[in-house]
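Chemist: So that you have it, the file is coords.txt, and it contains compact mmCIF, N, CA and C atoms:
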```
# COMPACT_ATOMS: atom_id res chain seq x y z
N MET A 1 103.19 58.63 95.95
CA MET A 1 102.22 58.79 97.02
C MET A 1 101.78 60.24 97.08
N ASN A 2 100.50 60.45 97.13
CA ASN A 2 99.93 61.78 97.27
C ASN A 2 100.03 62.20 98.73
N ARG A 3 100.68 63.32 99.01
CA ARG A 3 100.88 63.76 100.39
C ARG A 3 99.57 64.07 101.11
N LYS A 4 98.52 64.37 100.38
CA LYS A 4 97.25 64.72 101.00
C LYS A 4 96.46 63.50 101.44
N GLU A 5 96.81 62.34 100.95
CA GLU A 5 96.10 61.11 101.29
C GLU A 5 97.00 60.21 102.13
N PRO A 6 96.73 60.12 103.44
CA PRO A 6 97.57 59.26 104.28
C PRO A 6 97.38 57.80 103.90
N GLN A 7 98.48 57.06 103.95
CA GLN A 7 98.40 55.63 103.66
C GLN A 7 98.03 54.89 104.93
N ASN A 8 97.20 53.88 104.77
CA ASN A 8 96.86 53.03 105.91
C ASN A 8 97.94 51.96 106.01
N ARG A 9 98.70 52.03 107.05
CA ARG A 9 99.79 51.08 107.25
C ARG A 9 99.53 50.22 108.47
N ASN A 10 98.25 50.01 108.76
CA ASN A 10 97.86 49.22 109.93
C ASN A 10 98.49 49.76 111.20
N LEU A 11 98.46 51.08 111.33
CA LEU A 11 99.02 51.72 112.52
C LEU A 11 98.01 51.65 113.66
N THR A 12 98.52 51.48 114.85
CA THR A 12 97.67 51.46 116.04
C THR A 12 97.40 52.90 116.46
N PRO A 13 96.13 53.25 116.67
CA PRO A 13 95.83 54.62 117.11
C PRO A 13 96.53 54.94 118.43
N LEU A 14 96.95 56.18 118.58
CA LEU A 14 97.66 56.62 119.78
C LEU A 14 96.84 56.34 121.04
N GLU A 15 95.56 56.60 120.99
CA GLU A 15 94.70 56.36 122.16
C GLU A 15 94.77 54.90 122.60
N ASP A 16 94.82 53.99 121.66
CA ASP A 16 94.92 52.56 122.00
C ASP A 16 96.24 52.25 122.70
N LEU A 17 97.31 52.86 122.22
CA LEU A 17 98.62 52.64 122.85
C LEU A 17 98.66 53.19 124.27
N ILE A 18 98.09 54.38 124.45
CA ILE A 18 98.05 54.98 125.79
C ILE A 18 97.19 54.13 126.72
N ALA A 19 96.04 53.69 126.24
CA ALA A 19 95.15 52.86 127.07
C ALA A 19 95.82 51.55 127.46
N GLU A 20 96.60 51.00 126.57
CA GLU A 20 97.30 49.75 126.85
C GLU A 20 98.30 49.90 128.00
N ASP A 21 98.99 51.04 128.02
CA ASP A 21 100.01 51.27 129.05
C ASP A 21 99.48 51.91 130.32
N PHE A 22 98.44 52.76 130.19
CA PHE A 22 98.00 53.56 131.33
C PHE A 22 96.53 53.37 131.69
N GLY A 23 95.84 52.48 131.03
CA GLY A 23 94.45 52.20 131.36
C GLY A 23 93.47 53.03 130.55
N ALA A 24 92.23 52.65 130.67
CA ALA A 24 91.16 53.32 129.94
C ALA A 24 90.89 54.69 130.55
N VAL A 25 90.32 55.58 129.75
CA VAL A 25 89.94 56.90 130.23
C VAL A 25 89.02 56.72 131.44
N GLY A 26 89.33 57.45 132.51
CA GLY A 26 88.53 57.37 133.73
C GLY A 26 89.12 56.48 134.80
N SER A 27 90.06 55.61 134.42
CA SER A 27 90.68 54.74 135.42
C SER A 27 91.67 55.58 136.24
N PRO A 28 91.94 55.18 137.49
CA PRO A 28 92.88 55.95 138.32
C PRO A 28 94.26 56.10 137.67
N GLU A 29 94.75 55.04 137.04
CA GLU A 29 96.06 55.11 136.39
C GLU A 29 96.05 56.11 135.25
N ARG A 30 94.98 56.12 134.48
CA ARG A 30 94.87 57.03 133.35
C ARG A 30 94.73 58.47 133.83
N GLU A 31 93.97 58.68 134.89
CA GLU A 31 93.82 60.02 135.45
C GLU A 31 95.18 60.57 135.87
N GLN A 32 95.99 59.73 136.51
CA GLN A 32 97.33 60.13 136.92
C GLN A 32 98.19 60.46 135.71
N PHE A 33 98.13 59.63 134.68
CA PHE A 33 98.89 59.87 133.46
C PHE A 33 98.48 61.19 132.82
N ASP A 34 97.17 61.42 132.70
CA ASP A 34 96.68 62.65 132.08
C ASP A 34 97.11 63.88 132.86
N MET A 35 97.08 63.79 134.19
CA MET A 35 97.49 64.91 135.03
C MET A 35 98.99 65.19 134.83
N GLU A 36 99.79 64.14 134.77
CA GLU A 36 101.22 64.32 134.56
C GLU A 36 101.52 64.91 133.18
N CYS A 37 100.73 64.53 132.19
CA CYS A 37 100.88 65.10 130.85
C CYS A 37 100.58 66.60 130.87
N ASP A 38 99.49 66.97 131.53
CA ASP A 38 99.13 68.39 131.62
C ASP A 38 100.22 69.18 132.34
N THR A 39 100.76 68.62 133.41
CA THR A 39 101.82 69.28 134.16
C THR A 39 103.06 69.46 133.29
N PHE A 40 103.40 68.43 132.52
CA PHE A 40 104.53 68.50 131.60
C PHE A 40 104.32 69.60 130.56
N ILE A 41 103.13 69.66 130.00
CA ILE A 41 102.82 70.66 128.96
C ILE A 41 102.94 72.08 129.51
N ILE A 42 102.43 72.30 130.72
CA ILE A 42 102.54 73.62 131.34
C ILE A 42 104.00 73.98 131.55
N GLY A 43 104.78 73.02 132.01
CA GLY A 43 106.21 73.26 132.21
C GLY A 43 106.91 73.63 130.92
N GLU A 44 106.58 72.93 129.86
CA GLU A 44 107.18 73.23 128.56
C GLU A 44 106.75 74.61 128.06
N GLN A 45 105.50 74.97 128.30
CA GLN A 45 105.04 76.31 127.90
C GLN A 45 105.77 77.39 128.67
N LEU A 46 105.96 77.16 129.97
CA LEU A 46 106.70 78.13 130.78
C LEU A 46 108.13 78.28 130.25
N LYS A 47 108.78 77.17 130.01
CA LYS A 47 110.16 77.20 129.51
C LYS A 47 110.23 77.94 128.17
N ASN A 48 109.30 77.63 127.28
CA ASN A 48 109.25 78.27 125.97
C ASN A 48 109.12 79.79 126.10
N GLU A 49 108.18 80.22 126.93
CA GLU A 49 107.94 81.65 127.10
C GLU A 49 109.12 82.33 127.80
N ARG A 50 109.75 81.64 128.74
CA ARG A 50 110.92 82.19 129.43
C ARG A 50 112.06 82.39 128.43
N LEU A 51 112.28 81.41 127.57
CA LEU A 51 113.34 81.52 126.56
C LEU A 51 113.03 82.63 125.56
N LYS A 52 111.76 82.75 125.17
CA LYS A 52 111.36 83.84 124.26
C LYS A 52 111.63 85.20 124.88
N ALA A 53 111.43 85.28 126.21
CA ALA A 53 111.66 86.54 126.93
C ALA A 53 113.15 86.79 127.17
N GLY A 54 113.99 85.81 126.86
CA GLY A 54 115.42 85.97 127.02
C GLY A 54 115.88 85.93 128.47
N LEU A 55 115.12 85.24 129.31
CA LEU A 55 115.46 85.16 130.73
C LEU A 55 116.00 83.78 131.10
N THR A 56 116.90 83.76 132.06
CA THR A 56 117.33 82.50 132.64
C THR A 56 116.34 82.12 133.73
N GLN A 57 116.44 80.89 134.21
CA GLN A 57 115.59 80.48 135.33
C GLN A 57 115.87 81.37 136.53
N GLU A 58 117.12 81.68 136.76
CA GLU A 58 117.53 82.53 137.89
C GLU A 58 116.91 83.92 137.77
N GLN A 59 116.94 84.50 136.58
CA GLN A 59 116.38 85.84 136.38
C GLN A 59 114.87 85.85 136.61
N LEU A 60 114.18 84.83 136.10
CA LEU A 60 112.73 84.76 136.32
C LEU A 60 112.43 84.58 137.80
N ALA A 61 113.19 83.73 138.46
CA ALA A 61 112.99 83.50 139.89
C ALA A 61 113.15 84.80 140.67
N ASN A 62 114.20 85.55 140.37
CA ASN A 62 114.43 86.82 141.06
C ASN A 62 113.30 87.81 140.78
N LYS A 63 112.82 87.79 139.57
CA LYS A 63 111.77 88.73 139.16
C LYS A 63 110.47 88.50 139.92
N ILE A 64 110.15 87.24 140.22
CA ILE A 64 108.88 86.94 140.89
C ILE A 64 109.05 86.56 142.36
N GLY A 65 110.27 86.60 142.85
CA GLY A 65 110.51 86.35 144.26
C GLY A 65 110.48 84.89 144.67
N THR A 66 111.10 84.05 143.87
CA THR A 66 111.18 82.63 144.22
C THR A 66 112.60 82.14 143.95
N LYS A 67 112.79 80.85 144.03
CA LYS A 67 114.12 80.27 143.81
C LYS A 67 114.22 79.63 142.42
N LYS A 68 115.44 79.61 141.90
CA LYS A 68 115.69 78.99 140.60
C LYS A 68 115.26 77.53 140.61
N SER A 69 115.49 76.84 141.73
CA SER A 69 115.14 75.42 141.81
C SER A 69 113.63 75.20 141.63
N PHE A 70 112.83 76.16 142.09
CA PHE A 70 111.37 76.04 141.91
C PHE A 70 111.01 76.18 140.43
N ILE A 71 111.62 77.16 139.76
CA ILE A 71 111.37 77.34 138.32
C ILE A 71 111.76 76.06 137.58
N SER A 72 112.89 75.49 137.94
CA SER A 72 113.36 74.26 137.31
C SER A 72 112.36 73.12 137.51
N ARG A 73 111.87 72.96 138.73
CA ARG A 73 110.90 71.88 139.01
C ARG A 73 109.61 72.06 138.22
N VAL A 74 109.14 73.31 138.12
CA VAL A 74 107.92 73.57 137.34
C VAL A 74 108.15 73.25 135.88
N GLU A 75 109.28 73.69 135.32
CA GLU A 75 109.56 73.45 133.91
C GLU A 75 109.71 71.96 133.61
N LYS A 76 110.16 71.20 134.57
CA LYS A 76 110.31 69.75 134.37
C LYS A 76 109.03 68.98 134.68
N GLY A 77 107.99 69.70 135.11
CA GLY A 77 106.72 69.03 135.43
C GLY A 77 106.77 68.32 136.76
N HIS A 78 107.67 68.73 137.66
CA HIS A 78 107.83 68.06 138.94
C HIS A 78 107.31 68.87 140.11
N ALA A 79 106.44 69.84 139.84
CA ALA A 79 105.89 70.66 140.91
C ALA A 79 104.38 70.76 140.74
N ASP A 80 103.69 70.58 141.83
CA ASP A 80 102.24 70.74 141.85
C ASP A 80 101.97 72.15 142.36
N ILE A 81 101.57 73.05 141.47
CA ILE A 81 101.44 74.45 141.85
C ILE A 81 100.00 74.91 141.85
N GLN A 82 99.75 75.97 142.61
CA GLN A 82 98.43 76.57 142.66
C GLN A 82 98.23 77.46 141.44
N LEU A 83 96.99 77.71 141.11
CA LEU A 83 96.67 78.57 139.97
C LEU A 83 97.27 79.96 140.15
N SER A 84 97.23 80.49 141.36
CA SER A 84 97.79 81.82 141.61
C SER A 84 99.29 81.85 141.31
N THR A 85 99.98 80.76 141.61
CA THR A 85 101.42 80.67 141.33
C THR A 85 101.65 80.60 139.82
N LEU A 86 100.82 79.85 139.13
CA LEU A 86 100.93 79.76 137.67
C LEU A 86 100.77 81.14 137.04
N VAL A 87 99.77 81.88 137.51
CA VAL A 87 99.53 83.23 136.99
C VAL A 87 100.75 84.11 137.27
N LYS A 88 101.30 84.03 138.46
CA LYS A 88 102.46 84.83 138.85
C LYS A 88 103.68 84.50 137.97
N LEU A 89 103.89 83.22 137.70
CA LEU A 89 105.01 82.81 136.85
C LEU A 89 104.91 83.45 135.47
N PHE A 90 103.74 83.35 134.86
CA PHE A 90 103.59 83.87 133.50
C PHE A 90 103.54 85.40 133.48
N GLN A 91 103.00 86.01 134.54
CA GLN A 91 103.02 87.47 134.62
C GLN A 91 104.47 87.97 134.65
N GLY A 92 105.34 87.21 135.30
CA GLY A 92 106.75 87.57 135.34
C GLY A 92 107.39 87.57 133.96
N LEU A 93 106.73 86.93 133.03
CA LEU A 93 107.21 86.89 131.64
C LEU A 93 106.41 87.83 130.74
N GLY A 94 105.52 88.61 131.36
CA GLY A 94 104.69 89.52 130.58
C GLY A 94 103.60 88.79 129.82
N ARG A 95 103.18 87.66 130.34
CA ARG A 95 102.14 86.86 129.69
C ARG A 95 100.91 86.75 130.59
N GLN A 96 99.78 86.49 129.98
CA GLN A 96 98.52 86.32 130.71
C GLN A 96 98.07 84.87 130.58
N VAL A 97 97.61 84.32 131.68
CA VAL A 97 97.10 82.94 131.68
C VAL A 97 95.59 82.99 131.46
N ARG A 98 95.12 82.15 130.56
CA ARG A 98 93.67 81.98 130.34
C ARG A 98 93.35 80.52 130.55
N VAL A 99 92.26 80.27 131.23
CA VAL A 99 91.85 78.91 131.53
C VAL A 99 90.55 78.62 130.80
N SER A 100 90.46 77.47 130.16
CA SER A 100 89.19 77.06 129.56
C SER A 100 88.75 75.74 130.17
N VAL A 101 87.47 75.63 130.31
CA VAL A 101 86.88 74.41 130.83
C VAL A 101 86.12 73.76 129.69
N VAL A 102 86.44 72.49 129.42
CA VAL A 102 85.78 71.76 128.35
C VAL A 102 85.25 70.44 128.88
N LYS A 103 84.22 69.96 128.26
CA LYS A 103 83.63 68.69 128.65
C LYS A 103 84.56 67.55 128.20
N VAL A 104 84.80 66.61 129.10
CA VAL A 104 85.60 65.44 128.77
C VAL A 104 84.76 64.52 127.91
N GLN A 105 85.36 64.01 126.87
CA GLN A 105 84.61 63.14 125.96
C GLN A 105 84.81 61.70 126.28
```
Can you turn what I pasted into structure tokens?
Modeler:
Amino acid sequence: MNRKEPQNRNLTPLEDLIAEDFGAVGSPEREQFDMECDTFIIGEQLKNERLKAGLTQEQLANKIGTKKSFISRVEKGHADIQLSTLVKLFQGLGRQVRVSVVKVQ
């Protein structure tokens, strides 16, 4: 098998699987799923950057004036935070947040 040429194994596209479980793009269920995915991704990015900085959740919390439990909830995607809080979290790690707006397809 040539590694550059993917084999067609009658695989179901990921979008079809997501739509089957969470509804079509634009449906309330899908909007909720997409929002939870974005929250999870932000949490993982925060955790990644915190680990790169060599900080514990407790150390980051102390640095920005919050509690370890809040850092934990954000990293697990269980906190709905304001943009200003997101910026503060990443600034505590010496990082800058950039936001892009793109058209939904």
Chemist: Among chain A, which ones does DSSP place in alpha helix (DSSP H), written as JSON, numbers by chain?
Modeler: {"A": [14, 15, 16, 17, 18, 19, 20, 21, 22, 28, 29, 30, 31, 32, 33, 34, 35, 36, 37, 38, 39, 40, 41, 42, 43, 44, 45, 46, 47, 48, 49, 50, 51, 52, 57, 58, 59, 60, 61, 62, 63, 64, 68, 69, 70, 71, 72, 73, 74, 75, 83, 84, 85, 86, 87, 88, 89, 90, 91]}
Chemist: Kindly extract all protein, DNA and RNA residues lying within 12 Å of the coordinates (106.6, 68.6, 133.0) given in the file, considering only C-alpha atoms, and supply them as a PyMOL selection string.
Modeler: chain A and resi 33-47+71-81
Chemist: Looking at only C-alpha atoms, which of A:Thr12, A:Asn48, A:Gln82, A:Ser69 is the one that sits closest to A:Arg95?
Modeler: A:Asn48
Chemist: So which one's closest to A:Val97, A:Glu49, A:Phe70, A:Glu31, A:Gln59? Using only C-alpha atoms, please.
Modeler: A:Glu49
